[in-house]
Amino acid sequence: MRSDIVKMYKDVHSWVGIIAGLALFIAFYAGSITMFEEPLKRWASPPSELAPAVSLAETPRLIEATLAAHPDAKSGYTIHIETGPEKPARMSWTAWPEGRRRGAPTETYSSGFAADGSVEVVKGETTEVAEFIDVLHQQVGLPFDHEISMPIMGVISLLYAIAIFSGVIALWPSLVKDLFALRLGKNLKRMWLDVHNVLGLFSLPFHVIMALTAIVFAFHDYFYGLQNIVSYDGKIRDMFEANEPLHHVEVDPNTPFLSPADLIERMKTNAPGFELIELAYTFNRDGTAELLARGVDEGYGHRGPTFGLAMLNPYTGEVMSAEYLPGRQNGWGATVTGFFALHFGNFGGAAVRWGYFFLGLAGAFLFYTGNLLWIETRRKKSRQGAEVTQSRSSHVLGALTVGVSLGCIAGISLTVASAKILPGLVENPAAWHSGVYYSVFVASVVWAFIRGAARGSVELLIFAAVATGLIPIVSIASLVIPGLGWNHGGAGAIVDLTAALGAGLMLFLAHKTSLRIKSAPIDSIWHAAGASIEAPQVAPGVTTESAHG
Amino acid sequence: MNEQFRYTSRDWFAKATAGLILGFGLAIALTGLFAWIGPGGLMHSSAKTQLNMWLISPIWAFILSSCFLFRSGWRAWGWLGLANIIAFGLLFAAKAALA
């Protein structure tokens with residue numbers, strides 16, 4: 001390839017990378033954590049106030065009793081086939097206190113039988129922290145409303161797509177030479193470049209998928225809206241309706257629906273391999289009803305983040321629409337579901353989720369190394385130990401990179417750790433999760449600017465390690481201290497184990513970094529003078545680490 | 001003269017805006033054509049209607065990424081503008097013929 005094209009795309013790559021890199025770091029780190037959505041929900045769910053979930057055999061009686069006591073559940077309710085600490089009740093429904101429209105506030109209620117046989121109802125979701133991290137991931141860390149954050153995320157995704165394309169071209173001429181070379185040594189720029197190239201190239205398909213799907217997730221409504229005007233002459237709704245298989249039944253008040261236990265039996269022949277998670281019944285005003293089944297078939301990709309869908313006949317259990325049923329979709333449907341599945345990593349059970357967890361962390365590290373390279377490339381070399389002052393932009397970017405990435409890690413860890421403490425202390429844990437994350441995040445960025453990239457990175461690594469270590473510590477403390485927190489065991493223990501390993505890794509990195517900043521060349525922003533010696537301020541707004549005592 | 005031409009990133013703004021705006025237009029027109037005259041036709045299935053929307057993303061991202069290969073911002077706007085006119089012309093012709 002022509003060298004001028006390579007040079008041009010290197011310029012493009014470094015600029016789009018520097019604009020999008022930190023937002024992508026947050027998206028990827030938080031996205032990795034969402035791979036633990038289900039264990040995290042279990043870990044963070046307070047013990048239920050309800051009696052143990054009603055058995056499936058008793059469920060028809062529960063439905064009848066709940067509807068009699070709470071008529072607001074008559075427009076629709078969900079029967080949970082899988083129950084556990086994160087979903088303690090057999091039956092739940094959603095109420096719309098301000099009327100039913102998109103984005104309106106909702107309330108969730110769950111019901112069961114009390115010890116005396118009466119219907120008991122509790123309000124509220126079991127856990128908010130998993131939801132908070134998922135939204136953080138979707139909105140690349142932005143604290144704004146969804147409608148504002150998503151287009152910004154879309155712009156970041158477009159820059160990300162350019163970064164992938166330009167990165168491949170920039171690497172192209174030296175592809176064979178550099179690919180299997182990992183030169184870990186004195187030349188810091190060479191080392192980071194090798195790490196960046198290897199990570200980027202080996203996870204290229206993953207990144208292509210993430211960029212292209214994120215663009216759709218961001219602009220979904222605008223894309224459909226414009227296609228509706230230009231291509232479909234305003235008839236997109238009619239087109240979808242015309243292509244929709246019949247998926248509702250007329251409700252006959254004298255015939256009961258199939259009981260959930262019987263429905264599970266029928267599904268073993270009607271959709272073998274599809275393990276039911278929950279059954280969502282909707283009753284329309286025109287006297288018809290729909291039954292949406294959510295479930296998993298680990299051999300296939302899934303349309304939802306952790307589930308596939310089927311529309312069932314509530315009287316017979318017959319599959320009325322298999323449009324989103326794993327393994328039963330036509331080629332077009334399987335293709336579209338494939339995009340979702342490749343984004344969510346939900347096509348091969350736990351093994352693929354772990355793979356996605358590490359690919360996501362590797363992606364976050366890729367953006368981190370990209371920023372380090374930007375700084376190293378622009379570094380002014382010191383000749384014969386003469387003093388050089390690195391550019392202000394290098395200092396700003398160094399501090400920003402360290403503060404944003406370690407602040408994101410520490411903020412997520414601390415907000416997760418607080419999930420077992422907040423419900424006992426505050427009224428509104430959801431708002432507190434947001435408050436904890438953003439105060440840690442902002443404080444970390446400020447700290448990195450005050451202390452400089454070199455010292456700040458060591459101190460913030462220790463802080464992030466402590467914050468992450470608090471996750472298993474809170475769990476252990478809950479065993480010891482009565483009234484504090486809880487432990488459900490099972491999959492929730494993955495959260496404690498992974499956090500403990502992560503905290504250990506961060507402590508190790510903090511140790512290595514503290515050695516490095518003392519031995520780093522004095523013309524590096526990673527150089528810090530001995531901690532006891534205060535170096536003079538070198539420029540307004542710039543901290544001391546490039547000066548030396 | 002052509003031998004002496006060398007690419008630089010100097011003209012990036014004109015090229016990138018052409019890729020952003022006209023690349024998006026071209027993606028809308030091409031996916032519309034795919035909807036009308038692609039396999040299965042307009043009313044094939046709801047899944048095809050969804051795929052038509054999904055295809056915007058790769059087309060748009062590809063044009064936005066490769067638009068720097070035009071020799072100048074003017075050429076980027078010119079060629080992509082022409083491609084838009086042709087693609088939208090074909091789309092409206094196809095719609096008129098098939099509607």
# chains A, B, ... in the order shown; residues from 1 in each chain; ligands from 1

call {"tool": "interface_residues", "arguments": {"of": "chain B", "to": "chain A", "cutoff": "7 Å", "atoms": "only C-alpha atoms", "output": "list in words"}}
result
Arg6, Tyr7, Thr8, Ser9, Ile28, Gly32, Met43, Ser45, Ser46, Ala47, Lys48, Leu51, Met53, Trp54, Ser57, Pro58, Ala61, Leu64 and Ser65 of chain B

call {"tool": "residues_around", "arguments": {"residues": "A:Tyr29", "least_positions_apart": "3", "cutoff": "8 Å", "atoms": "only C-alpha atoms", "output": "ChimeraX atom specification"}}
result
/A:25-26,32-33,137,360-361,364,409

call {"tool": "residues_around", "arguments": {"residues": "stretch 444-451 of chain A", "least_positions_apart": "4", "cutoff": "10 Å", "atoms": "only C-alpha atoms", "output": "number ranges by chain"}}
result
A: 395-408, 410-411, 438-440, 455-460, 463-464, 541-545

call {"tool": "residues_around", "arguments": {"residues": "B:Ala18", "least_positions_apart": "6", "cutoff": "9 Å", "atoms": "only C-alpha atoms", "output": "ChimeraX atom specification"}}
result
/B:64,67,73-74,76-78,80-81

call {"tool": "atom_distance", "arguments": {"atom1": "atom CA of A:Ala289", "atom2": "atom CA of A:Val319"}}
result
14.3 Å

call {"tool": "select_by_dssp", "arguments": {"residues": "chain B", "states": "alpha helix (DSSP H)", "output": "ChimeraX atom specification"}}
result
/B:12-17,23-37,46-54,56-66,73-98

call {"tool": "atom_distance", "arguments": {"atom1": "atom CA of A:Ala419", "atom2": "atom CA of A:Trp432"}}
result
9.4 Å

call {"tool": "atom_distance", "arguments": {"atom1": "atom CA of B:Trp12", "atom2": "atom CA of A:Trp15"}}
result
11.0 Å

call {"tool": "closest_residue", "arguments": {"among": "B:Gly40, B:Leu98, B:Leu91, B:Ala83", "to": "B:Gly23", "atoms": "only C-alpha atoms"}}
result
B:Ala83

call {"tool": "select_by_dssp", "arguments": {"residues": "stretch 20-102 of chain A", "states": "strand (DSSP E or B)", "output": "short mmCIF file (atom, residue, chain, number, x, y, z; two decimals) with all heavy atoms, in the first residue's frame"}}
result
data_model
loop_
_atom_site.label_atom_id
_atom_site.label_comp_id
_atom_site.auth_asym_id
_atom_site.auth_seq_id
_atom_site.Cartn_x
_atom_site.Cartn_y
_atom_site.Cartn_z
N GLY A 76 -52.17 -7.50 32.45
CA GLY A 76 -51.02 -8.33 32.09
C GLY A 76 -50.18 -8.68 33.30
O GLY A 76 -50.05 -7.89 34.22
N TYR A 77 -49.65 -9.90 33.30
CA TYR A 77 -48.78 -10.34 34.40
C TYR A 77 -47.77 -11.34 33.87
O TYR A 77 -47.92 -11.85 32.75
CB TYR A 77 -49.60 -10.95 35.54
CG TYR A 77 -50.54 -12.05 35.11
CD1 TYR A 77 -50.06 -13.35 34.94
CD2 TYR A 77 -51.89 -11.80 34.87
CE1 TYR A 77 -50.91 -14.37 34.52
CE2 TYR A 77 -52.74 -12.81 34.46
CZ TYR A 77 -52.24 -14.10 34.29
OH TYR A 77 -53.07 -15.10 33.87
N THR A 78 -46.74 -11.56 34.66
CA THR A 78 -45.68 -12.48 34.26
C THR A 78 -45.56 -13.60 35.29
O THR A 78 -45.59 -13.33 36.50
CB THR A 78 -44.34 -11.73 34.14
OG1 THR A 78 -44.48 -10.71 33.16
CG2 THR A 78 -43.21 -12.66 33.73
N ILE A 79 -45.46 -14.83 34.79
CA ILE A 79 -45.21 -15.98 35.67
C ILE A 79 -43.75 -16.39 35.50
O ILE A 79 -43.30 -16.66 34.38
CB ILE A 79 -46.14 -17.16 35.30
CG1 ILE A 79 -47.60 -16.75 35.42
CG2 ILE A 79 -45.83 -18.38 36.16
CD1 ILE A 79 -47.99 -16.25 36.81
N HIS A 80 -43.01 -16.38 36.60
CA HIS A 80 -41.58 -16.68 36.54
C HIS A 80 -41.38 -18.18 36.74
O HIS A 80 -41.67 -18.71 37.81
CB HIS A 80 -40.83 -15.87 37.59
CG HIS A 80 -41.04 -14.39 37.43
ND1 HIS A 80 -40.29 -13.63 36.57
CD2 HIS A 80 -41.96 -13.55 37.97
CE1 HIS A 80 -40.72 -12.37 36.60
NE2 HIS A 80 -41.74 -12.30 37.44
N GLY A 84 -35.46 -17.30 42.09
CA GLY A 84 -34.21 -17.30 42.85
C GLY A 84 -34.14 -16.00 43.62
O GLY A 84 -35.09 -15.23 43.59
N LYS A 87 -35.15 -13.11 41.60
CA LYS A 87 -36.56 -13.14 41.16
C LYS A 87 -37.31 -14.02 42.14
O LYS A 87 -37.61 -15.18 41.88
CB LYS A 87 -36.66 -13.71 39.74
CG LYS A 87 -36.80 -12.64 38.67
CD LYS A 87 -36.95 -13.26 37.31
CE LYS A 87 -35.65 -13.85 36.81
NZ LYS A 87 -35.75 -14.50 35.50
N MET A 91 -45.08 -14.70 40.65
CA MET A 91 -45.91 -13.84 39.80
C MET A 91 -45.54 -12.38 40.01
O MET A 91 -45.31 -11.95 41.13
CB MET A 91 -47.38 -14.06 40.15
CG MET A 91 -48.35 -13.21 39.35
SD MET A 91 -50.06 -13.66 39.74
CE MET A 91 -50.94 -12.47 38.72
N SER A 92 -45.49 -11.62 38.90
CA SER A 92 -45.25 -10.18 39.03
C SER A 92 -46.04 -9.45 37.96
O SER A 92 -46.49 -10.05 36.98
CB SER A 92 -43.76 -9.86 38.90
OG SER A 92 -43.33 -10.03 37.57
N TRP A 93 -46.26 -8.14 38.15
CA TRP A 93 -46.90 -7.34 37.12
C TRP A 93 -46.41 -5.91 37.23
O TRP A 93 -45.81 -5.51 38.22
CB TRP A 93 -48.42 -7.43 37.20
CG TRP A 93 -49.02 -6.78 38.42
CD1 TRP A 93 -49.53 -5.52 38.52
CD2 TRP A 93 -49.20 -7.39 39.71
NE1 TRP A 93 -50.00 -5.31 39.78
CE2 TRP A 93 -49.81 -6.43 40.53
CE3 TRP A 93 -48.90 -8.65 40.23
CZ2 TRP A 93 -50.13 -6.68 41.87
CZ3 TRP A 93 -49.20 -8.90 41.55
CH2 TRP A 93 -49.82 -7.93 42.36
N THR A 94 -46.66 -5.17 36.15
CA THR A 94 -46.20 -3.79 36.06
C THR A 94 -47.40 -2.86 36.10
O THR A 94 -48.38 -3.10 35.41
CB THR A 94 -45.41 -3.58 34.75
OG1 THR A 94 -44.34 -4.50 34.74
CG2 THR A 94 -44.86 -2.18 34.65
N ALA A 95 -47.30 -1.81 36.91
CA ALA A 95 -48.35 -0.79 36.93
C ALA A 95 -47.77 0.51 36.38
O ALA A 95 -46.57 0.75 36.46
CB ALA A 95 -48.83 -0.58 38.36
#

call {"tool": "residues_around", "arguments": {"residues": "B:Ile59", "least_positions_apart": "3", "cutoff": "8 Å", "atoms": "only C-alpha atoms", "output": "PyMOL selection string"}}
result
chain B and resi 23+27+55-56+62-63

call {"tool": "write_last_selection", "arguments": {"atoms": "N, CA and C atoms", "output": "CSV table (one decimal), in the first residue's frame"}}
result
chain,number,residue,atom,x,y,z
B,23,GLY,N,-22.6,9.8,2.6
B,23,GLY,CA,-22.5,8.4,2.9
B,23,GLY,C,-23.8,7.9,3.5
B,27,ALA,N,-26.5,5.3,2.0
B,27,ALA,CA,-26.9,4.1,2.7
B,27,ALA,C,-28.4,4.0,2.7
B,55,LEU,N,-28.6,-2.8,7.5
B,55,LEU,CA,-27.6,-2.7,6.5
B,55,LEU,C,-27.1,-1.2,6.4
B,56,ILE,N,-27.9,-0.3,6.9
B,56,ILE,CA,-27.5,1.1,6.9
B,56,ILE,C,-26.1,1.2,7.5
B,62,PHE,N,-18.7,2.1,6.2
B,62,PHE,CA,-17.6,1.9,5.2
B,62,PHE,C,-17.3,3.1,4.4
B,63,ILE,N,-18.4,3.9,4.0
B,63,ILE,CA,-18.2,5.1,3.2
B,63,ILE,C,-17.5,6.1,4.1
